[in-house]
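Asks: Contents of upload.cif (mmCIF, C-alpha atoms):
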data_model
#
loop_
_atom_site.label_atom_id
_atom_site.label_comp_id
_atom_site.auth_asym_id
_atom_site.auth_seq_id
_atom_site.Cartn_x
_atom_site.Cartn_y
_atom_site.Cartn_z
CA MET R 257 3.28 17.38 11.15
CA ARG R 258 1.36 20.62 11.70
CA PHE R 259 1.43 21.33 7.96
CA LEU R 260 -0.79 18.29 7.31
CA VAL R 261 -3.57 20.04 9.22
CA THR R 262 -2.93 23.70 8.41
CA GLY R 263 -2.96 23.35 4.63
CA SER R 264 0.60 24.40 3.93
CA ILE R 265 1.95 21.22 2.34
CA ARG R 266 3.05 23.08 -0.82
CA SER R 267 5.18 25.61 1.06
CA ASP R 268 8.74 25.96 -0.19
CA HIS R 269 9.93 26.53 3.39
CA GLY R 270 10.17 22.89 4.41
CA PRO R 271 6.99 20.83 4.25
CA ARG R 272 7.24 20.14 0.53
CA ARG R 273 10.75 18.74 0.95
CA ILE R 274 9.79 16.68 3.98
CA LEU R 275 6.76 15.24 2.21
CA THR R 276 8.75 14.57 -0.95
CA GLY R 277 11.26 12.55 1.05
CA ALA R 278 8.51 10.61 2.83
CA LEU R 279 6.70 9.92 -0.45
CA ILE R 280 9.90 8.65 -2.04
CA PHE R 281 10.54 6.38 0.94
CA PHE R 282 6.99 5.02 0.74
CA LEU R 283 7.52 4.39 -2.99
CA LEU R 284 10.71 2.51 -2.11
CA PHE R 285 8.75 0.53 0.50
CA THR R 286 6.16 -0.33 -2.15
CA GLY R 287 8.86 -1.54 -4.54
CA ALA R 288 10.67 -3.51 -1.84
CA HIS R 289 7.43 -5.10 -0.64
CA PHE R 290 6.53 -6.01 -4.22
CA ALA R 291 9.92 -7.69 -4.69
CA ARG R 292 9.73 -9.47 -1.33
CA GLU R 293 6.27 -10.84 -2.07
CA TRP R 294 7.37 -11.81 -5.60
CA SER R 295 10.07 -13.96 -4.06
CA SER R 296 8.40 -15.34 -0.94
CA VAL R 297 4.70 -15.64 -1.81
CA GLY R 298 4.75 -15.73 -5.59
CA TYR R 299 3.09 -13.87 -8.42
CA THR R 300 1.11 -16.60 -10.19
CA PRO R 301 -1.66 -18.73 -8.70
CA GLN R 302 0.49 -21.84 -9.16
CA ARG R 303 3.51 -20.39 -7.30
CA ILE R 304 1.25 -19.01 -4.59
CA GLN R 305 -0.36 -22.42 -4.12
CA GLU R 306 3.11 -24.02 -3.92
CA ASN R 307 4.35 -21.49 -1.36
CA LEU R 308 1.22 -21.04 0.77
CA GLY R 309 -0.71 -24.27 0.21
CA GLY R 310 -0.47 -27.21 2.52
CA GLU R 311 -1.61 -27.79 6.07
CA PHE R 312 -3.68 -24.81 7.22
CA SER R 313 -2.35 -24.68 10.79
CA THR R 314 1.28 -24.79 9.66
CA GLN R 315 0.82 -22.11 7.02
CA ALA R 316 -1.20 -19.88 9.37
CA ILE R 317 1.65 -19.85 11.88
CA LEU R 318 4.18 -19.02 9.15
CA LEU R 319 1.96 -16.22 7.84
CA LEU R 320 1.61 -14.57 11.24
CA GLU R 321 5.02 -12.92 10.85
CA ASP R 322 4.02 -11.58 7.43
CA LEU R 323 0.73 -10.38 8.86
CA HIS R 324 2.50 -8.51 11.66
CA ILE R 325 4.93 -6.81 9.29
CA ASP R 326 2.31 -5.99 6.66
CA LEU R 327 -0.22 -4.56 9.09
CA VAL R 328 2.33 -2.24 10.68
CA LEU R 329 3.93 -1.03 7.45
CA PHE R 330 0.74 -0.76 5.42
CA GLY R 331 -0.94 0.88 8.41
CA MET R 332 1.76 3.56 8.56
CA ALA R 333 1.51 4.06 4.80
CA LEU R 334 -2.27 4.45 5.01
CA LEU R 335 -2.01 6.88 7.92
CA PHE R 336 0.43 9.03 5.97
CA ILE R 337 -1.51 8.79 2.70
CA GLY R 338 -4.80 9.60 4.43
CA SER R 339 -3.27 12.65 6.08
CA VAL R 340 -1.81 14.00 2.86
CA LEU R 341 -4.82 13.11 0.70
CA TYR R 342 -6.78 15.52 2.86
CA GLN R 343 -4.94 18.37 1.07
CA VAL R 344 -4.45 16.95 -2.43
CA ARG R 345 -6.44 18.80 -5.04
CA GLY R 346 -9.44 16.93 -6.37
CA SER R 347 -12.94 15.91 -5.47
CA ARG R 348 -13.45 14.97 -1.83
CA ASN R 349 -15.53 11.97 -2.89
CA PHE R 350 -12.77 10.81 -5.25
CA ARG R 351 -10.08 11.16 -2.56
CA ASN R 352 -12.25 9.35 -0.02
CA GLY R 353 -13.00 6.63 -2.56
CA ILE R 354 -9.33 6.16 -3.36
CA PHE R 355 -8.43 5.88 0.32
CA THR R 356 -11.31 3.50 1.11
CA THR R 357 -10.54 1.32 -1.90
CA LEU R 358 -6.85 1.17 -1.11
CA SER R 359 -7.52 0.32 2.55
CA GLY R 360 -10.01 -2.40 1.65
CA LEU R 361 -7.74 -3.96 -0.97
CA ILE R 362 -4.80 -4.02 1.43
CA LEU R 363 -6.88 -5.71 4.14
CA ALA R 364 -8.23 -8.21 1.61
CA TYR R 365 -4.73 -8.97 0.33
CA VAL R 366 -3.38 -9.56 3.83
CA ALA R 367 -6.37 -11.67 4.87
CA VAL R 368 -6.85 -13.81 1.76
CA ARG R 369 -3.30 -15.19 1.97
CA PHE R 370 -4.42 -17.12 5.06
CA LEU R 371 -7.13 -18.81 3.03
CA VAL R 372 -4.88 -20.28 0.31
CA PRO R 373 -4.49 -23.64 2.14
CA LEU R 374 -8.29 -23.99 2.07
CA GLY R 375 -8.59 -23.90 -1.71
CA ALA R 376 -6.82 -23.06 -4.96
CA ILE R 377 -9.34 -20.32 -5.79
CA PHE R 378 -7.75 -18.15 -3.12
CA SER R 379 -4.43 -18.31 -4.99
CA TYR R 380 -6.07 -16.49 -7.88
CA LEU R 381 -7.38 -13.81 -5.53
CA VAL R 382 -3.93 -13.36 -3.95
CA ALA R 383 -2.31 -13.00 -7.39
CA ALA R 384 -4.85 -10.40 -8.52
CA LEU R 385 -4.66 -8.45 -5.26
CA TYR R 386 -0.85 -8.61 -5.27
CA PHE R 387 -0.64 -6.64 -8.50
CA LEU R 388 -3.65 -4.40 -7.79
CA VAL R 389 -2.56 -3.30 -4.30
CA HIS R 390 0.99 -2.46 -5.31
CA ALA R 391 -0.03 -0.67 -8.50
CA LEU R 392 -2.70 1.40 -6.72
CA LEU R 393 -0.39 2.23 -3.82
CA ALA R 394 2.38 3.37 -6.17
CA GLY R 395 -0.13 5.31 -8.28
CA VAL R 396 -1.55 7.17 -5.28
CA LEU R 397 1.94 8.04 -4.02
CA ILE R 398 2.97 9.35 -7.45
CA TRP R 399 -0.30 11.31 -7.72
CA ILE R 400 0.35 12.98 -4.36
CA LEU R 401 3.95 13.70 -5.31
CA THR R 402 2.99 15.33 -8.60
CA ASP R 403 0.26 17.35 -6.88
CA LEU R 404 2.84 18.82 -4.49
CA TYR R 405 4.71 20.37 -7.42
CA ARG R 406 1.77 21.23 -9.68
CA GLY R 407 1.13 24.93 -10.17
CA LYS R 408 -1.62 26.78 -8.33
CA ALA R 409 -5.11 25.72 -9.31
#
Would you give me this structure, written as structure tokens?
Replies:
Amino acid sequence: MRFLVTGSIRSDHGPRRILTGALIFFLLFTGAHFAREWSSVGYTPQRIQENLGGEFSTQAILLLEDLHIDLVLFGMALLFIGSVLYQVRGSRNFRNGIFTTLSGLILAYVAVRFLVPLGAIFSYLVAALYFLVHALLAGVLIWILTDLYRGKA
């Protein structure tokens, strides 16, 4: 991953292809995660309350597996995105803001699912974060991918 540090991510001699493949796989992960959450957690506050509501201790234990999976996979995605964003063209403040916002929204999404059994209001937060996190993650990945193939600035 030397090219992530040396500034050669747009080179035609390998890194661009490697990064393109990784970006496509992370886009596939985003789509698969979206579909999995659509089915298991729900996409409306009512479905989320049905699937995650109930006794807090029971739901917390069931959500631990989701937490484990999400933290590992989202953590790897954020590590990769943060490394590549370092070399994407654009304002440093904008890139840092995008990364910070995405990281915060992912953590909020993972954490707020545990709170659904405590009140219906949390179902609304989960629904909003569900769409926001996946849309922002896909948008950032597509932005990086298009920047790899954009002409010299």
Asks: Tell me which of R:Leu283, R:Gln315, R:Arg345, R:His324 sits closest to R:Leu404, counting only C-alpha atoms.
Replies: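 Among the listed residues, the smallest separation from R:Leu404 belongs to R:Arg345.
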Asks: For R:His289, which of R:Leu341, R:Ile265, R:Ile325, R:Ile398 is the closest residue, counting only C-alpha atoms?
Replies: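 With only C-alpha atoms as the atom set, the closest residue is R:Ile325.
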Asks: Between atom CA of R:Tyr342 and atom CA of R:Gly407, what is the spacing in Å?
Replies: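 Atom CA of R:Tyr342 lies at a distance of 17.9 Å from atom CA of R:Gly407.
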Asks: Quick one: pull the distance between atom CA of R:Phe312 and atom CA of R:Leu374, Å, one decimal.
Replies: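 Value for the atom CA of R:Phe312-atom CA of R:Leu374 distance: 7.0 Å.
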Asks: Determine the axis-aligned bounding box of all atoms of stretch 369-381 of chain R present in the file, pad each side by 3 Å, and express its centre and edge lengths in Å to one decimal place as JSON.
Replies:
{"center_x": -6.3, "center_y": -18.9, "center_z": -1.4, "size_x": 12.0, "size_y": 16.2, "size_z": 18.9}
Asks: Extract, using all atoms listed in the file, all DNA, RNA and protein residues at most 12 Å from R:Ala288, discarding same-chain residues fewer than 6 positions from it, and format them as an NGL selection string.
Replies: :R and (281-282 or 294-295 or 329 or 390 or 394)
Asks: Which of these, R:Ile304, R:Leu275, R:Ala333, R:Leu284, has the shortest distance to R:Val372 once you count only C-alpha atoms?
Replies: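 Looking only at the distances to R:Val372, the closest residue turns out to be R:Ile304.
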Asks: List the spatial neighbours of R:Phe387 as an MDAnalysis selection string - criterion: any atom at most 12 Å away, only C-alpha atoms, same-chain residues fewer than 6 positions off excluded.
Replies: chainID R and resid 286:287 289:291 293:294 298:300 361:362 365 380:381 393:395
Asks: Take the point (-5.9, -19.1, -7.0) in the file's coordinates, draw a sphere of radius 12 Å around it, and report as number ranges by chain every protein, DNA or RNA residue with an atom inside or on it, counting only C-alpha atoms.
Replies: R: 298-309, 368-369, 371-386
Asks: Hey, can you check how far atom CA of R:Ala278 sits from atom CA of R:Tyr405?
Replies: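 These two atoms are separated by 14.7 Å.
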